[in-house]
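Inspection log for the structure reproduced underneath, given as structure tokens.
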Amino acid sequence: MAAALRKVLACSWATMEGGELLQVAALACLVIVSVKALQLYFRRKKLIKAFAQFPGPPSHWLLGNVREFRRDGTDLDILSAWAEKFQYAYPVWFGGFSAFLFIVHPEYAKAMLSRGDPKSDLSYNFLVPWIGKGLLVLSGQKWFQHRRLLTPGFHYDVLKPYVKLVSDSTKVMLDKWENLNSEDKSIELFQHVSLMTLDSILKCAFSYESNCQTDSDNSYISAVYDLSYLTNLRLRCFPYHNDLIYDLSPHGFRFREACKIAHYHTDTVIKQRKESLKHEKESEKNYQKRHLDFLDILLCAKDEDGNVLSDEDLRAEVDTFMFEGHDTTASGISWILYSMARHPEHQEMCWKEIKEILGDRDTVEWDDLTKMTYTTMCIKESIRLYPPVPGVARKLATPITFFDGRTLPAGSLLGLSIFALHRNPSVWSNPEIFDPERFSPENISSRSPHAFLPFAAGPRNCIGQTFAMNEMKVALALTLLRFKLLPDEAKPPKKVPQLVLKSLNGIHLFLKKRK
């Protein structure tokens, strides 16, 4: 029947003259546009009905709230200002036909994060060509299986040897800063910290010596930088949300080339490790000498049926860990150093604590980490004000009811604004003030556990949060031992929510060598 219909249509087209063909084509285009317009109309009506219970900032019928965001370093402050007015949650429209309910209160965050809803397609799908379908973007049973297989990779016995490796990488960065240091010129930190955390993750998780801090022209390093930048660019540029437009663009071509380089590197590392594991197991002596790392655990992981991860899943988890494990901690460390420079009295208290713990040593050890009481409080206060991941998103698989009785239907998009939650004045008194005492034991116990969420919470919390906290402690401790930090008042950072929290103009500090 279908074949006969196609034949009739083909004959009809063949017998038409040029003018008739144009008329039919114009009519077809009109029908398509009309159908699409109706779809958008009903979609908007459905969203308006869903969000009717939630007052929010005024929005344009076509542009939504997009006009409010200018990428000038004030976007996150706008979200915080709205959180003052709408203390639980409010809708934010990205154009006239797509909207998220932005959550800015602990009780709403608890309701969202206690569920197993999948990540929002709009927020995370652009990462898939690079990092594949690993733990970050998976959902359902496959996510649960991967989470269970990967959890042993973050046991403290595995993490202990990493502390020395992070110390070594940090000292390379500090040596570079000594050579670059100048009394009348500040140093832009983020680029150096990012290379240091990349160096650390390669050493710790993959036992791979990259020399990336001294060889920043390395093709893999350049590819990772390109992929981070281009993914964020695509997220911010609405025409690039269309696959065809992006694939045909120069940025799409550059993204694909960077993916090829990154995937080739990942495949090479996995292949080499498979071969070395085989040889090391044959020589038990060598196998016991090298520290167990994340890639070892991935390669040896088996589910209850004895199945190992496929090559595709292996690459996805390695690329996911590379993405999540270096840029997020680079953001955290950079803003922590900035916070220390802005608050010299707290910087000196941290320095004295670290000096007392380490004595004459210039390397942090595992047992030192739990002794850094005040330093840890300062780190937490910094990542409250400057969370490395400023927000996370979910797509509701089933309807949700919040503690105050308001509801949203399945299919709705939720965005937890961690930045706005951490500065919500109904949750935190004087939220803009840097006060490490917020994280004293007595203050923590009196506050909702969902008020402070730098690593999210619930079943999909950050699996690598202990590794990240340890790396931030090591980097801060060794930096304060070597330098006194001072802000460059002429170059204040301009906060911008990319994949992680960065600054449009970098993070500039003066470094004064301690005697």
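Convention: chains lettered A, B, ... in structure tokens order; per-chain residue numbering from 1; ligands numbered from 1 as shown.
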Q | Residue contacts of Tyr229 in chain A (12 Å, only C-alpha atoms) excluding same-chain residues fewer than 4 positions away, as a VMD selection string | A | chain A and resid 126 to 127 222 to 225 233 to 236 251 to 252 254 to 255 258 323 327 497 to 500 502
Under the rule of at most 10 Å, produce a per-residue listing of range 369-434 of chain A near range 450-473 of chain A: chain, number, name, the closest pair of atoms, and the distance in Å, as a tab-separated table, using only C-alpha atoms.
residue	atom	partner	partner_atom	distance
A:Leu369	CA	A:Lys473	CA	7.1
A:Thr370	CA	A:Asn470	CA	9.6
A:Met372	CA	A:Lys473	CA	8.0
A:Thr375	CA	A:Lys473	CA	7.5
A:Thr376	CA	A:Lys473	CA	7.1
A:Ile379	CA	A:Lys473	CA	7.7
A:Lys380	CA	A:Pro454	CA	8.8
A:Glu381	CA	A:Phe452	CA	9.7
A:Ile383	CA	A:Pro454	CA	6.7
A:Arg384	CA	A:Phe452	CA	6.8
A:Leu385	CA	A:Pro454	CA	9.9
A:Tyr386	CA	A:Pro454	CA	9.0
A:Pro387	CA	A:Pro454	CA	5.5
A:Pro388	CA	A:Pro454	CA	7.1
A:Val389	CA	A:Pro454	CA	6.8
A:Pro390	CA	A:Pro454	CA	8.0
A:Gly391	CA	A:Ala456	CA	8.9
A:Val392	CA	A:Ala456	CA	8.0
A:Leu416	CA	A:Ala456	CA	9.2
A:Ser417	CA	A:Leu453	CA	9.9
A:Ile418	CA	A:Leu453	CA	6.5
A:Phe419	CA	A:Pro454	CA	8.8
A:Leu421	CA	A:Ala451	CA	6.9
A:His422	CA	A:Phe452	CA	6.3
A:Arg423	CA	A:Ala451	CA	9.7
A:Asn424	CA	A:Ala451	CA	9.2
A:Val427	CA	A:Ala451	CA	7.1
A:Trp428	CA	A:Ala451	CA	8.5
Q | Pick from A:Cys350, A:Leu248, A:Ala50, A:Met322, whichever lies nearest to Phe100 in chain A using only C-alpha atoms | A |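 Using only C-alpha atoms, Phe100 in chain A sits closest to A:Ala50.
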Q. For Gln141 in chain A, which of A:Asp117, A:Leu30, A:Trp61, A:Leu478 is the closest residue, counting only C-alpha atoms?
A.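 Comparing A:Asp117, A:Leu30, A:Trp61, A:Leu478 against Gln141 in chain A, the winner is A:Asp117.
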Considering only C-alpha atoms, tabulate each residue of range 127-204 of chain A that lies at most 7 Å from range 296-311 of chain A along with its nearest interatomic pair and the corresponding distance in Å to one decimal; arrange the rows by chain and ascending residue number and present them as JSON lines.
{"residue": "A:Leu149", "atom": "CA", "partner": "A:Ala301", "partner_atom": "CA", "distance": 5.9}
{"residue": "A:Leu150", "atom": "CA", "partner": "A:Leu298", "partner_atom": "CA", "distance": 6.8}
{"residue": "A:Gly153", "atom": "CA", "partner": "A:Ile297", "partner_atom": "CA", "distance": 6.0}
Q | For range 394-403 of chain A: contacts at 6 Å, only C-alpha atoms, fewer than 4 positions along chain excluded, given as a PyMOL selection string | A | chain A and resi 117-120+407-414
Q: Would you mind listing what lies within 12 Å of Ile261 in chain A as a PyMOL selection string, with only C-alpha atoms counted and same-chain residues fewer than 4 positions away left out?
A: chain A and resi 130+218-227+254-257+265-268+319
(Q) Could you tell me how far CA of Gly405 in chain A sits from CA of Ser98 in chain A, in Å to one decimal place? (A)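 So the two atoms, CA of Ser98 in chain A and CA of Gly405 in chain A, lie 23.8 Å apart.
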